[in-house]
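Novice: Before anything else, here's the structure in question.
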Amino acid sequence: MDQMVVNAVIRTESGKRAAKKLRENGRLPAVMYNSHGEAVMLDIDEAEFSKVWRNTTPTTLITLKVDGKEYLSFIKTTEYDIISDKNLHVDFHTIEADKKLKMKMNVQFTGSPVGVREGGKLRTHEAQIQISCLPKDLPVRITADLSPLKIGETFRVKDLNLSDAVTVLTDAETNLASVLSVK
């Protein structure tokens with residue numbers, strides 16, 4: 001997947017009036033936070049950000065270019081106006097490329113289990129796992145193919161097919177899904 005990029009410039013004015021003025025000019029007030037809790041106020045193009053924002057998840061890494069300097073970031077939070085269909089504010093969280101991340105990620109279940117086709121019932125137990133890895137190794141998504149599950153079988157964390165660069169912190173025996181008999 002191509003790295004998503006958002007261009008920004010540092011802003012000095014803050015407050016409601018400054019934010020309103022930015023929005024009137026198609027700009028978006030933003031704040032960039034680093035791992036030390038320091039914050040920098042930013043000014044970004046609303047249309048450019050919206051294109052990126054609509055194609056990201058909470059675990060999608062983006063490149064934030066601030067006055068020519070690049071930062072590896074997550075979109076931490078956004079304030080969105082559903083009526084005008086526009087973002088009003090965004091917070092970015094920058095990370096260091098050489099430090100491991102600890103993240104909770106959702107597990108997406110795919111496939112139609114054999115046991116369900118034979119009359120069983122699919123039951124999901126956990127939908128999230130915790131992982132640790134370098135930012136460059138962060139998976140876009142974690143999927144569990146449940147197709148081979150038969151009645152009475154369970155899909156556990158240890159059954160996930162993840163890269164060796166990703167360390168799963170959730171107990172390997174944790175049940176993610178199972179197919180139950182309906183008798």
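Residues are referred to by chain and number: the chain letter is A, B, ... according to the order shown in the structure tokens, the number counts from 1 in that chain, and ligands are numbered separately from 1 in the order shown.
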Which residues are near Arg156 in chain A? Cut-off 8 Å, only C-alpha atoms, ignore same chain within fewer than 2 positions. Put them as a list in words.
Specialist: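 Near Arg156 in chain A, the qualifying residues are Thr154, Lys158, Asp159, Leu160, Ala172, Glu173, Thr174, Asn175, Leu176 and Ala177 of chain A.
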Novice: So that I can check the secondary structure, give me every residue of chain A assigned strand (DSSP E) by backbone DSSP, as number ranges by chain.
Specialist: A: 4-10, 27-33, 39-45, 62-66, 69-81, 86-95, 101-110, 121-124, 128-133, 142-145, 154-156, 167-168, 175-180
Novice: Need to verify the contact set: Lys99 in chain A, 9 Å, only C-alpha atoms, exclusion of same-chain residues closer than 2 positions in sequence. Can you return it as a list in words?
Specialist: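 Result of the neighbour search: Ile95, Glu96, Ala97, Leu101, Cys133, Leu134 and Pro135 of chain A.
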Novice: Return the single residue from A:Lys69, A:Lys21, A:His93, A:Lys86 that is closest to Glu46 in chain A, with distances computed using only C-alpha atoms.
Specialist: A:Lys86
Novice: Which residue out of A:Phe155, A:Arg27, A:Lys104, A:Leu22 has the minimum interatomic distance to Thr124 in chain A when only C-alpha atoms are used?
Specialist: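 Of all the options, A:Phe155 lies closest to Thr124 in chain A.
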Novice: Considering only C-alpha atoms, can you say which of A:Thr78, A:Asn55, A:Gln128, A:Thr63 comes closest to Gln3 in chain A?
Specialist: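 Smallest separation from Gln3 in chain A among the options: A:Thr63.
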Novice: Do you know which residues are at most 8 Å from range 29-35 of chain A counting only C-alpha atoms, after dropping those on the same chain fewer than 6 positions away, and could you put them as a list in words?
Specialist: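 Contacts, with the query itself left out: Ala19, Leu22, Arg23, Met41, Leu42, Asp43, Ile44, Leu88, His89, Val90, Asp91, Phe92, His93, Thr94 and Ile95 of chain A.
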Novice: Using only C-alpha atoms, can you tell me which of A:Ile151, A:Leu64, A:Ile82, A:Ala39 comes closest to Gly119 in chain A?
Specialist: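 Nearest candidate to Gly119 in chain A out of A:Ile151, A:Leu64, A:Ile82, A:Ala39: A:Ile151.
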Novice: List the spatial neighbours of Leu162 in chain A as a PDB file with C-alpha atoms, in the first residue's frame - criterion: any atom at most 9 Å away, only C-alpha atoms, same-chain residues fewer than 6 positions off excluded.
Specialist:
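Dumped everything to result14.pdb:
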ATOM      1  CA  PRO A 139      -0.272  -5.009   9.477  1.00  0.00           C
ATOM      2  CA  ILE A 142      -5.588  -8.902  10.708  1.00  0.00           C
ATOM      3  CA  VAL A 168       1.234 -11.258  19.521  1.00  0.00           C
TER       4      VAL A 168
END
Novice: Write down as a tab-separated table (two decimals) with N, CA, C and O atoms, in the first residue's frame the residues of chain A whose backbone DSSP state falls under alpha helix (DSSP H).
Specialist:
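Resulting contents of result16.tsv:
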chain	number	residue	atom	x	y	z
A	16	LYS	N	-11.17	30.29	18.49
A	16	LYS	CA	-12.33	30.06	17.62
A	16	LYS	C	-12.28	30.92	16.36
A	16	LYS	O	-12.59	30.45	15.27
A	17	ARG	N	-11.91	32.17	16.51
A	17	ARG	CA	-11.86	33.07	15.34
A	17	ARG	C	-10.85	32.60	14.31
A	17	ARG	O	-11.12	32.58	13.12
A	18	ALA	N	-9.67	32.23	14.78
A	18	ALA	CA	-8.62	31.76	13.88
A	18	ALA	C	-9.05	30.47	13.18
A	18	ALA	O	-8.84	30.30	11.97
A	19	ALA	N	-9.68	29.55	13.94
A	19	ALA	CA	-10.14	28.30	13.36
A	19	ALA	C	-11.22	28.54	12.31
A	19	ALA	O	-11.22	27.93	11.24
A	20	LYS	N	-12.14	29.44	12.62
A	20	LYS	CA	-13.22	29.76	11.68
A	20	LYS	C	-12.66	30.35	10.39
A	20	LYS	O	-13.09	30.00	9.28
A	21	LYS	N	-11.68	31.22	10.53
A	21	LYS	CA	-11.05	31.85	9.36
A	21	LYS	C	-10.36	30.80	8.49
A	21	LYS	O	-10.46	30.84	7.26
A	22	LEU	N	-9.68	29.86	9.14
A	22	LEU	CA	-9.03	28.78	8.39
A	22	LEU	C	-10.06	27.98	7.60
A	22	LEU	O	-9.88	27.71	6.41
A	23	ARG	N	-11.14	27.59	8.27
A	23	ARG	CA	-12.17	26.77	7.62
A	23	ARG	C	-12.82	27.50	6.45
A	23	ARG	O	-13.15	26.87	5.44
A	24	GLU	N	-13.01	28.81	6.58
A	24	GLU	CA	-13.60	29.60	5.48
A	24	GLU	C	-12.71	29.58	4.25
A	24	GLU	O	-13.18	29.75	3.12
A	46	GLU	N	-8.09	21.09	3.85
A	46	GLU	CA	-9.22	20.24	4.23
A	46	GLU	C	-9.51	19.16	3.18
A	46	GLU	O	-9.73	18.00	3.51
A	47	ALA	N	-9.47	19.51	1.91
A	47	ALA	CA	-9.78	18.56	0.85
A	47	ALA	C	-8.72	17.45	0.78
A	47	ALA	O	-9.05	16.26	0.64
A	48	GLU	N	-7.46	17.82	0.90
A	48	GLU	CA	-6.37	16.85	0.88
A	48	GLU	C	-6.49	15.89	2.07
A	48	GLU	O	-6.37	14.67	1.92
A	49	PHE	N	-6.77	16.44	3.25
A	49	PHE	CA	-6.91	15.60	4.44
A	49	PHE	C	-8.10	14.65	4.30
A	49	PHE	O	-8.00	13.47	4.63
A	50	SER	N	-9.23	15.15	3.80
A	50	SER	CA	-10.43	14.32	3.68
A	50	SER	C	-10.20	13.11	2.78
A	50	SER	O	-10.70	12.01	3.06
A	51	LYS	N	-9.43	13.28	1.69
A	51	LYS	CA	-9.12	12.15	0.80
A	51	LYS	C	-8.35	11.07	1.55
A	51	LYS	O	-8.62	9.88	1.40
A	52	VAL	N	-7.39	11.50	2.37
A	52	VAL	CA	-6.60	10.54	3.15
A	52	VAL	C	-7.46	9.92	4.24
A	52	VAL	O	-7.49	8.70	4.42
A	53	TRP	N	-8.20	10.76	4.97
A	53	TRP	CA	-8.99	10.32	6.11
A	53	TRP	C	-10.03	9.26	5.74
A	53	TRP	O	-10.26	8.31	6.48
A	114	VAL	N	-17.11	-24.55	7.18
A	114	VAL	CA	-17.70	-25.83	6.75
A	114	VAL	C	-18.79	-26.24	7.73
A	114	VAL	O	-19.87	-26.67	7.34
A	115	GLY	N	-18.53	-26.08	9.03
A	115	GLY	CA	-19.48	-26.48	10.06
A	115	GLY	C	-20.79	-25.72	10.01
A	115	GLY	O	-21.85	-26.26	10.33
A	116	VAL	N	-20.77	-24.48	9.58
A	116	VAL	CA	-22.01	-23.69	9.44
A	116	VAL	C	-22.82	-24.22	8.26
A	116	VAL	O	-24.04	-24.36	8.35
A	117	ARG	N	-22.14	-24.57	7.19
A	117	ARG	CA	-22.83	-25.13	6.01
A	117	ARG	C	-23.44	-26.49	6.34
A	117	ARG	O	-24.38	-26.93	5.68
Novice: Kindly indicate which residue among A:Glu118, A:Val166, A:Val157, A:Ala144 lies nearest to Val179 in chain A, using only C-alpha atoms for the distances.
Specialist: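 For Val179 in chain A, the nearest of the given residues is A:Glu118.
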Novice: Set the distance at 9 Å and use only C-alpha atoms: which residues neighbour Thr59 in chain A once local chain neighbours fewer than 3 positions away are removed? I'd like the list as a VMD selection string.
Specialist: chain A and resid 56 74 to 75 103 105 138 to 141
Novice: Kindly give the distance, in Å, that separates CA of Asp81 in chain A and CA of Glu38 in chain A, rounded to a single decimal.
Specialist: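 Interatomic distance, CA of Asp81 in chain A to CA of Glu38 in chain A: 26.9 Å.
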Novice: Grab the CA of Ala165 in chain A to CA of Asp145 in chain A distance for me, in Å with one decimal place.
Specialist: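 CA of Asp145 in chain A lies at a distance of 20.5 Å from CA of Ala165 in chain A.
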Novice: By how many Å are CA of Gln130 in chain A and CA of Asp171 in chain A apart?
Specialist: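 It comes out at 9.2 Å.
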